[in-house]
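Engineer: What follows is protein-v5.cif; its format and atoms are mmCIF, C-alpha atoms.
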```cif
data_target
#
loop_
_atom_site.label_atom_id
_atom_site.label_comp_id
_atom_site.auth_asym_id
_atom_site.auth_seq_id
_atom_site.Cartn_x
_atom_site.Cartn_y
_atom_site.Cartn_z
CA MET U 1 138.35 131.79 261.75
CA LYS U 2 135.49 129.71 263.13
CA LYS U 3 134.12 129.15 259.63
CA MET U 4 137.55 128.09 258.39
CA VAL U 5 137.94 125.59 261.26
CA VAL U 6 134.55 124.08 260.40
CA VAL U 7 135.46 123.82 256.71
CA ALA U 8 138.87 122.28 257.49
CA THR U 9 137.34 119.77 259.91
CA LEU U 10 134.74 118.81 257.30
CA VAL U 11 137.45 118.31 254.64
CA VAL U 12 139.48 116.01 256.92
CA ALA U 13 136.35 114.15 258.05
CA LEU U 14 135.22 113.68 254.46
CA ALA U 15 138.66 112.41 253.39
CA ALA U 16 138.84 110.05 256.37
CA GLY U 17 135.32 108.76 255.69
CA LEU U 18 136.08 108.24 252.01
CA THR U 19 139.33 106.42 252.80
CA PHE U 20 137.57 104.15 255.29
CA PHE U 21 134.74 103.44 252.83
CA LEU U 22 137.09 102.64 249.96
CA ALA U 23 139.36 100.50 252.13
CA GLN U 24 136.38 98.39 253.25
CA ARG U 25 135.29 97.61 249.70
CA PRO U 26 136.54 94.34 248.23
CA GLY U 27 138.76 94.35 245.13
CA LYS U 28 142.07 95.84 244.15
CA TRP U 29 140.86 99.13 242.61
CA PRO U 30 142.68 98.56 239.32
CA GLY U 31 143.14 101.42 236.87
CA VAL U 32 141.06 101.26 233.71
CA ASP U 33 144.25 100.60 231.76
CA GLU U 34 144.45 97.24 233.51
CA SER U 35 140.73 96.48 233.69
CA VAL U 36 139.87 97.65 230.17
CA ILE U 37 142.79 98.50 227.88
CA GLU U 38 145.19 95.69 228.76
CA LYS U 39 142.36 93.17 229.02
CA PHE U 40 141.20 93.80 225.46
CA ALA U 41 144.77 94.02 224.18
CA GLU U 42 145.58 90.63 225.67
CA GLN U 43 142.45 89.10 224.19
CA ALA U 44 143.51 90.42 220.79
CA GLY U 45 147.02 88.98 221.18
CA HIS U 46 148.79 92.31 221.71
CA PRO U 47 149.62 92.36 225.41
CA ALA U 48 151.35 95.40 226.88
CA ARG U 49 155.10 95.13 227.21
CA LYS U 50 157.23 96.42 230.09
CA PRO U 51 157.92 100.15 229.80
CA PHE U 52 161.30 101.03 228.26
CA ILE U 53 162.10 102.93 231.45
CA ASP U 54 160.47 100.79 234.11
CA THR U 55 160.04 102.70 237.36
CA ASP U 56 157.32 100.34 238.59
CA LYS U 57 159.63 98.59 241.07
CA GLY U 58 158.76 98.51 244.74
CA ASP U 59 158.42 101.98 246.18
CA LEU U 60 160.29 103.60 243.30
CA LEU U 61 157.09 104.48 241.47
CA LEU U 62 155.63 105.98 244.63
CA PHE U 63 158.77 108.10 244.95
CA PHE U 64 158.46 109.35 241.37
CA PHE U 65 154.75 110.09 241.78
CA LEU U 66 155.49 112.08 244.91
CA ILE U 67 158.27 114.03 243.18
CA ALA U 68 156.00 114.65 240.19
CA GLY U 69 153.18 115.88 242.42
CA ALA U 70 155.49 118.14 244.39
CA ALA U 71 157.15 119.58 241.27
CA GLY U 72 153.78 120.11 239.58
CA GLY U 73 152.41 121.75 242.72
CA PHE U 74 155.43 124.04 242.99
CA VAL U 75 155.20 125.20 239.36
CA ALA U 76 151.44 125.68 239.64
CA GLY U 77 151.80 127.66 242.88
CA TYR U 78 154.58 129.85 241.46
CA CYS U 79 152.56 130.75 238.37
CA PHE U 80 149.38 131.14 240.42
CA ARG U 81 150.97 133.86 242.55
CA GLU U 82 151.97 135.75 239.43
CA LEU U 83 148.45 135.61 238.04
CA PHE U 84 146.61 136.05 241.33
CA PRO U 85 148.86 138.01 243.68
CA PRO U 86 147.77 138.23 247.32
CA LYS U 87 145.50 141.09 248.27
CA LYS U 88 147.26 144.26 249.35
CA SER U 89 146.09 145.33 252.77
CA GLY U 90 145.04 148.92 253.24
CA MET Z 1 149.83 133.41 255.41
CA LYS Z 2 146.99 133.93 257.86
CA LEU Z 3 146.33 131.39 260.59
CA GLU Z 4 143.05 130.22 259.12
CA GLN Z 5 144.66 129.83 255.67
CA ARG Z 6 147.40 127.71 257.24
CA PHE Z 7 144.77 125.61 258.95
CA LEU Z 8 142.91 125.02 255.69
CA PHE Z 9 146.17 124.24 253.88
CA LEU Z 10 147.03 121.66 256.56
CA ALA Z 11 143.58 120.11 256.25
CA LEU Z 12 143.90 119.84 252.46
CA LEU Z 13 147.37 118.34 252.86
CA LEU Z 14 146.02 115.72 255.26
CA ALA Z 15 143.19 114.99 252.86
CA ALA Z 16 145.65 114.57 249.99
CA PHE Z 17 147.72 112.06 251.94
CA ALA Z 18 144.57 110.02 252.52
CA LEU Z 19 144.26 109.41 248.78
CA PRO Z 20 145.29 106.01 247.41
CA SER Z 21 148.72 105.27 245.97
CA PRO Z 22 149.59 105.51 242.25
CA ALA Z 23 147.70 103.60 239.63
CA HIS Z 24 147.44 103.98 235.89
CA ALA Z 25 144.45 104.84 233.80
CA MET Z 26 143.52 106.02 230.35
CA HIS Z 27 146.88 106.12 228.59
CA ILE Z 28 147.50 103.24 226.22
CA SER Z 29 150.39 101.21 227.62
CA GLU Z 30 153.67 100.44 225.89
CA GLY Z 31 153.60 97.88 223.08
CA ILE Z 32 149.83 97.47 222.75
CA LEU Z 33 149.51 99.13 219.34
CA PRO Z 34 151.07 97.38 216.33
CA PRO Z 35 153.85 99.47 214.69
CA GLN Z 36 151.80 100.65 211.70
CA TRP Z 37 149.04 101.97 214.00
CA ALA Z 38 151.52 103.57 216.35
CA GLY Z 39 153.11 105.30 213.35
CA LEU Z 40 149.75 106.46 212.01
CA TRP Z 41 148.79 108.15 215.31
CA PHE Z 42 152.21 109.83 215.44
CA ALA Z 43 151.55 111.22 211.96
CA VAL Z 44 148.13 112.49 213.02
CA ALA Z 45 149.50 114.15 216.18
CA LEU Z 46 152.53 115.83 214.60
CA PRO Z 47 150.80 118.70 212.70
CA PHE Z 48 148.82 119.65 215.82
CA VAL Z 49 151.98 119.76 217.94
CA ALA Z 50 153.72 121.87 215.27
CA TRP Z 51 150.74 124.23 215.15
CA GLY Z 52 150.80 124.55 218.94
CA LEU Z 53 154.54 125.31 219.00
CA ARG Z 54 154.05 128.07 216.43
CA ASP Z 55 151.19 129.52 218.48
CA LEU Z 56 153.35 129.37 221.60
CA ARG Z 57 155.90 131.74 220.07
CA VAL Z 58 153.28 134.16 218.74
CA ARG Z 59 151.13 134.34 221.86
CA SER Z 60 154.05 134.52 224.31
CA ALA Z 61 155.21 137.68 222.55
CA ARG Z 62 151.72 139.16 222.31
CA GLU Z 63 150.01 138.38 225.62
CA PRO Z 64 151.79 139.35 228.86
CA PHE Z 65 149.90 136.91 231.08
CA PHE Z 66 150.22 134.00 228.71
CA LYS Z 67 153.44 132.46 230.06
CA PRO Z 68 152.38 132.18 233.72
CA MET Z 69 148.96 130.92 232.62
CA LEU Z 70 150.65 128.34 230.40
CA GLY Z 71 152.84 127.23 233.34
CA LEU Z 72 149.85 126.96 235.64
CA ILE Z 73 147.74 125.05 233.13
CA GLY Z 74 150.64 122.79 232.12
CA ALA Z 75 151.31 121.83 235.73
CA ALA Z 76 147.59 121.27 236.32
CA VAL Z 77 147.19 119.01 233.26
CA PHE Z 78 150.30 117.03 234.27
CA VAL Z 79 149.09 116.45 237.84
CA ILE Z 80 145.41 115.88 236.96
CA SER Z 81 146.19 113.38 234.21
CA CYS Z 82 148.25 111.14 236.47
CA MET Z 83 145.96 111.37 239.50
CA PRO Z 84 143.92 108.18 239.87
CA ILE Z 85 140.48 108.71 241.34
CA PRO Z 86 138.59 105.71 242.77
CA VAL Z 87 135.10 105.33 241.35
CA PRO Z 88 133.01 103.31 243.85
CA SER Z 89 130.25 102.55 241.30
CA ALA Z 90 132.78 100.68 239.13
CA GLY Z 91 135.35 99.51 241.70
CA THR Z 92 138.13 100.88 239.49
CA CYS Z 93 140.34 103.95 239.32
CA SER Z 94 140.69 106.41 236.50
CA HIS Z 95 141.83 109.97 236.02
CA PRO Z 96 140.33 113.15 234.63
CA CYS Z 97 142.31 114.81 231.83
CA GLY Z 98 142.09 118.56 232.46
CA THR Z 99 142.28 119.23 228.74
CA GLY Z 100 138.77 120.71 228.49
CA MET Z 101 139.66 123.29 231.14
CA ALA Z 102 143.02 123.94 229.49
CA ALA Z 103 141.50 124.42 226.05
CA ILE Z 104 139.01 126.99 227.32
CA LEU Z 105 141.77 129.05 228.93
CA ILE Z 106 144.79 128.75 226.61
CA GLY Z 107 143.22 127.44 223.41
CA PRO Z 108 143.26 123.99 221.81
CA SER Z 109 146.60 124.20 219.99
CA MET Z 110 148.46 125.17 223.18
CA THR Z 111 146.64 122.41 225.04
CA VAL Z 112 148.10 119.91 222.57
CA VAL Z 113 151.59 121.19 223.46
CA VAL Z 114 151.13 121.01 227.25
CA THR Z 115 149.52 117.58 226.92
CA SER Z 116 152.47 116.33 224.83
CA ILE Z 117 154.90 117.50 227.51
CA ALA Z 118 152.82 115.96 230.30
CA LEU Z 119 152.57 112.64 228.46
CA LEU Z 120 156.30 112.60 227.74
CA LEU Z 121 157.17 113.17 231.41
CA GLN Z 122 154.70 110.48 232.47
CA ALA Z 123 156.18 107.97 229.98
CA LEU Z 124 159.72 108.85 231.09
CA PHE Z 125 159.35 108.76 234.85
CA LEU Z 126 156.01 107.28 235.86
CA SER Z 127 155.69 104.15 233.65
CA HIS Z 128 152.43 105.75 232.56
CA GLY Z 129 151.57 105.49 228.86
CA GLY Z 130 154.50 104.67 226.60
CA PHE Z 131 156.83 105.86 223.86
CA THR Z 132 155.37 103.67 221.10
CA THR Z 133 151.85 104.77 222.05
CA TYR Z 134 152.84 108.42 222.57
CA GLY Z 135 151.21 109.61 219.33
CA ALA Z 136 147.93 107.80 220.05
CA ASN Z 137 147.80 109.24 223.57
CA ILE Z 138 148.48 112.77 222.26
CA VAL Z 139 145.64 112.39 219.75
CA SER Z 140 143.07 111.11 222.27
CA MET Z 141 143.87 113.36 225.22
CA GLY Z 142 145.53 116.35 223.60
CA VAL Z 143 143.90 116.77 220.20
CA VAL Z 144 140.39 115.33 220.61
CA GLY Z 145 140.02 116.29 224.29
CA ALA Z 146 141.19 119.84 223.67
CA PHE Z 147 139.24 120.54 220.49
CA THR Z 148 136.07 119.02 221.92
CA GLY Z 149 136.31 121.12 225.10
CA TRP Z 150 137.12 124.31 223.21
CA GLY Z 151 134.45 123.69 220.55
CA VAL Z 152 131.72 122.86 223.06
CA PHE Z 153 132.51 125.96 225.15
CA ARG Z 154 132.55 128.29 222.14
CA PHE Z 155 129.42 126.79 220.64
CA ALA Z 156 127.52 126.91 223.92
CA ARG Z 157 128.52 130.55 224.51
CA LYS Z 158 127.39 131.45 220.98
CA LEU Z 159 124.03 129.91 221.79
CA GLY Z 160 123.83 132.16 224.84
CA VAL Z 161 124.47 129.45 227.43
CA ARG Z 162 125.79 130.83 230.73
CA PRO Z 163 129.59 130.60 231.09
CA LEU Z 164 129.52 128.21 234.04
CA VAL Z 165 127.19 125.79 232.27
CA ALA Z 166 129.27 126.04 229.10
CA ALA Z 167 132.44 125.29 231.10
CA PHE Z 168 130.75 122.31 232.77
CA LEU Z 169 129.66 120.89 229.41
CA ALA Z 170 133.11 121.47 227.92
CA GLY Z 171 134.88 119.65 230.78
CA MET Z 172 132.45 116.74 230.79
CA LEU Z 173 132.29 116.19 227.03
CA SER Z 174 136.04 116.57 226.53
CA ASP Z 175 136.59 113.79 229.08
CA TRP Z 176 134.09 111.49 227.39
CA ALA Z 177 135.47 112.31 223.93
CA THR Z 178 138.99 111.44 225.11
CA TYR Z 179 137.92 108.00 226.29
CA ALA Z 180 135.78 107.42 223.20
CA THR Z 181 138.86 108.13 221.09
CA THR Z 182 141.04 105.81 223.18
CA SER Z 183 138.41 103.11 222.58
CA PHE Z 184 138.50 103.83 218.86
CA GLU Z 185 142.30 103.70 218.74
CA LEU Z 186 142.28 100.34 220.48
CA ALA Z 187 139.40 98.94 218.45
CA SER Z 188 140.85 100.02 215.11
CA ALA Z 189 144.19 98.36 215.88
CA LEU Z 190 142.91 95.23 217.57
CA HIS Z 191 139.59 94.26 215.95
CA GLY Z 192 141.29 91.87 213.50
CA SER Z 193 138.72 90.17 211.29
CA GLY Z 194 135.86 91.18 213.61
CA SER Z 195 133.69 94.24 213.33
CA LEU Z 196 135.37 97.56 214.18
CA LEU Z 197 132.09 99.06 215.34
CA ALA Z 198 131.31 96.10 217.59
CA MET Z 199 134.71 96.22 219.25
CA TRP Z 200 134.61 100.01 219.60
CA THR Z 201 131.22 99.72 221.31
CA THR Z 202 132.44 96.92 223.58
CA ILE Z 203 135.53 98.82 224.73
CA GLY Z 204 133.57 102.08 225.08
CA THR Z 205 130.97 100.33 227.21
CA ALA Z 206 133.69 98.90 229.43
CA PHE Z 207 134.95 102.44 230.06
CA LEU Z 208 131.44 103.76 230.61
CA TRP Z 209 130.89 102.89 234.28
CA THR Z 210 134.11 104.58 235.32
CA GLN Z 211 134.04 107.56 232.99
CA LEU Z 212 130.39 108.50 233.29
CA PRO Z 213 130.78 109.83 236.87
CA LEU Z 214 134.35 111.00 236.27
CA GLY Z 215 133.25 113.07 233.26
CA ILE Z 216 130.64 114.78 235.41
CA PHE Z 217 133.31 115.36 238.07
CA GLU Z 218 135.60 116.88 235.44
CA GLY Z 219 132.77 119.15 234.32
CA ILE Z 220 132.30 120.39 237.88
CA ILE Z 221 136.05 121.02 238.28
CA THR Z 222 136.15 122.94 234.98
CA ALA Z 223 133.18 125.09 235.97
CA GLY Z 224 134.76 125.67 239.41
CA VAL Z 225 138.05 126.86 237.88
CA TYR Z 226 136.16 129.15 235.50
CA ARG Z 227 134.14 130.61 238.35
CA PHE Z 228 137.26 131.22 240.42
CA ILE Z 229 138.96 133.19 237.63
CA ALA Z 230 135.77 135.04 236.71
CA SER Z 231 135.28 136.19 240.28
CA ARG Z 232 138.92 136.80 241.24
CA ARG Z 233 140.32 138.31 238.06
CA PRO Z 234 137.75 138.57 235.25
CA SER Z 235 140.02 140.64 233.00
CA LEU Z 236 142.26 137.58 232.63
CA LEU Z 237 139.47 135.85 230.72
CA GLU Z 238 139.20 138.85 228.41
CA CYS Z 239 142.96 139.05 228.02
CA LEU Z 240 143.17 135.37 227.05
CA GLY Z 241 140.30 135.80 224.60
CA VAL Z 242 137.96 133.51 226.54
CA GLU Z 243 135.33 136.23 226.87
CA PRO Z 244 134.90 139.29 224.61
CA ALA Z 245 136.79 142.33 225.93
CA ARG Z 246 134.59 145.10 227.31
CA CYS Z 247 137.39 147.55 226.73
CA PRO Z 248 139.73 146.18 224.01
CA GLY Z 249 143.37 146.44 225.05
CA CYS Z 250 142.67 147.56 228.64
CA ALA Z 251 142.57 144.13 230.19
CA CYS Z 252 146.01 143.01 229.10
CA GLN Z 253 148.25 145.67 230.59
CA LYS Z 254 151.21 144.06 232.32
CA ASN Z 255 151.23 146.72 235.05
CA GLU Z 256 147.59 146.12 235.82
CA THR Z 257 147.39 146.44 239.58
CA SER Z 258 143.93 145.18 240.24
CA VAL Z 259 143.96 141.96 242.18
CA VAL Z 260 140.32 141.54 242.95
CA GLU Z 261 138.46 143.31 240.20
CA GLY Z 262 135.09 143.72 241.68
CA GLY Z 263 134.34 140.04 241.58
CA VAL Z 264 133.12 137.66 244.22
CA GLN Z 265 135.86 136.44 246.53
#
```
Would you kindly transcribe this structure into structure tokens?
Structural biologist:
Amino acid sequence: MKKMVVVATLVVALAAGLTFFLAQRPGKWPGVDESVIEKFAEQAGHPARKPFIDTDKGDLLLFFFLIAGAAGGFVAGYCFRELFPPKKSG
Amino acid sequence: MKLEQRFLFLALLLAAFALPSPAHAMHISEGILPPQWAGLWFAVALPFVAWGLRDLRVRSAREPFFKPMLGLIGAAVFVISCMPIPVPSAGTCSHPCGTGMAAILIGPSMTVVVTSIALLLQALFLSHGGFTTYGANIVSMGVVGAFTGWGVFRFARKLGVRPLVAAFLAGMLSDWATYATTSFELASALHGSGSLLAMWTTIGTAFLWTQLPLGIFEGIITAGVYRFIASRRPSLLECLGVEPARCPGCACQKNETSVVEGGVQ
């Protein structure tokens, strides 16, 4: 239990430290699609167009990312239990 | 669930919430490729998807653990390939692909299928990638990423390289190969009257500072997943054909009860 508490505390501390460090850095942290792909495409005269189904509106995209993460996590967890069932005690 | 497991789960949950909000990465966005290039990459991707769908039917009937493994790997590829990771050395975000890991475990043709599904869902709901660039994204992430990862792992094992090192190399090189292919797809469509090689090099170099550390990270993740399975349930690797079976046929019994088969916990 003690070991687990230490590990959990370290994980949270590491995440908090990383968040603080990244938040302090200047810049917008663009994805490489924006900083590389779309930049070269624009230079070549082929800029990206709006997606056909544009969910990038306000918090809508955040909502879909959260749903996608939760659904993916659920499916992964369900299959994981079938492949790696919990240990039987005794 | 034990108390300490709950505590660790809570800690991981807190850590996950500390991650930044959505961003996009490697997938080529909608409308960037001219129609003839978009069509060409569709044509290249199609036979691989068809091959994977045929394999899906055959292996699902033959291997009892294949379906849950496919579900697990599919979900992992979907989540990993839309998870932006900040790279402090470059000041940008990008994502790993997970296709090297997938190809080692379920084979390259099946990896093409799960990648196609992941990319379709991302284009539909997450404004990530696009429908006109769907074929190009399948080729770079699904086909090239998967076959590179699978080929590197098999080749390294044949040379006698230890499994963990082989898995690391497979994960790392499949990531780099994916981004090299994305660069090529862009350069071939956009170089105009300029040199294809020069533009390919320029785009590849622009990716380099982000993908160099991310590729190494993906290699570590791939080796970690391999180690987990090898220590928790090694017969699964034999059953899936990743490692040669010590006792042919024994490992794949559906009623196999062993949970921890003498491996390291």
Engineer: Would you list the residues near (150.1, 117.4, 223.5), meaning any protein, DNA or RNA residue with an atom at most 9 Å from that point in file coordinates, counting only C-alpha atoms, as a VMD selection string?
Structural biologist: chain Z and resid 45 48 to 49 52 109 to 120 135 137 to 139 141 to 143
Engineer: Residues at most 12 Å from Asp56 of chain U, counting all atoms listed in the file, excluding those fewer than 2 positions away in the same chain, as a VMD selection string?
Structural biologist: (chain U and resid 50 to 54 58 to 65) or (chain Z and resid 22 to 24 123 to 128)
Engineer: Which residues are near Trp29 of chain U? Cut-off 9 Å, all atoms listed in the file, ignore same chain within fewer than 4 positions. Put them as a ChimeraX atom specification.
Structural biologist: /U:22 /Z:23,86-88,90-93
Engineer: May I have the residues within 10 Å of segment 34-43 of chain U as a ChimeraX atom specification, using all atoms listed in the file and disregarding those fewer than 4 positions away in the same chain?
Structural biologist: /U:29-30,47-48 /Z:23-29,31-33,92-93,182-183,186-187,189-191,199,202-207
Engineer: Exactly which residues make up the result of the PyMOL selection byres ((chain U) within 6 of (chain Z)) on this file, given as a ChimeraX atom specification?
Structural biologist: /U:1,4,8,12,15,29-33,44,46-49,51,54-55,72,76,79
Engineer: Go ahead and fit an axis-aligned box to every listed atom of segment 122-139 of chain Z plus 4 Å each side, and pass me the centre and edge lengths in Å, one decimal, as JSON.
Structural biologist:
```
{"center_x": 152.7, "center_y": 108.2, "center_z": 227.6, "size_x": 22.1, "size_y": 17.1, "size_z": 24.5}
```
Engineer: Work out how far apart atom CA of Ala166 of chain Z and atom CA of Leu83 of chain U are and give it in Å to one decimal.
Structural biologist: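 According to the coordinates, atom CA of Ala166 of chain Z and atom CA of Leu83 of chain U are separated by 23.2 Å.
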Engineer: From the list Z:Gly194, Z:Gly241, Z:Pro163, Z:Gly100, which residue is nearest Arg227 of chain Z when using only C-alpha atoms?
Structural biologist: Z:Pro163
Engineer: Using Å and a single decimal, report how far atom CA of Gly171 of chain Z sits from atom CA of Thr222 of chain Z.
Structural biologist: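 Taking atom CA of Thr222 of chain Z and atom CA of Gly171 of chain Z, their separation equals 5.5 Å.
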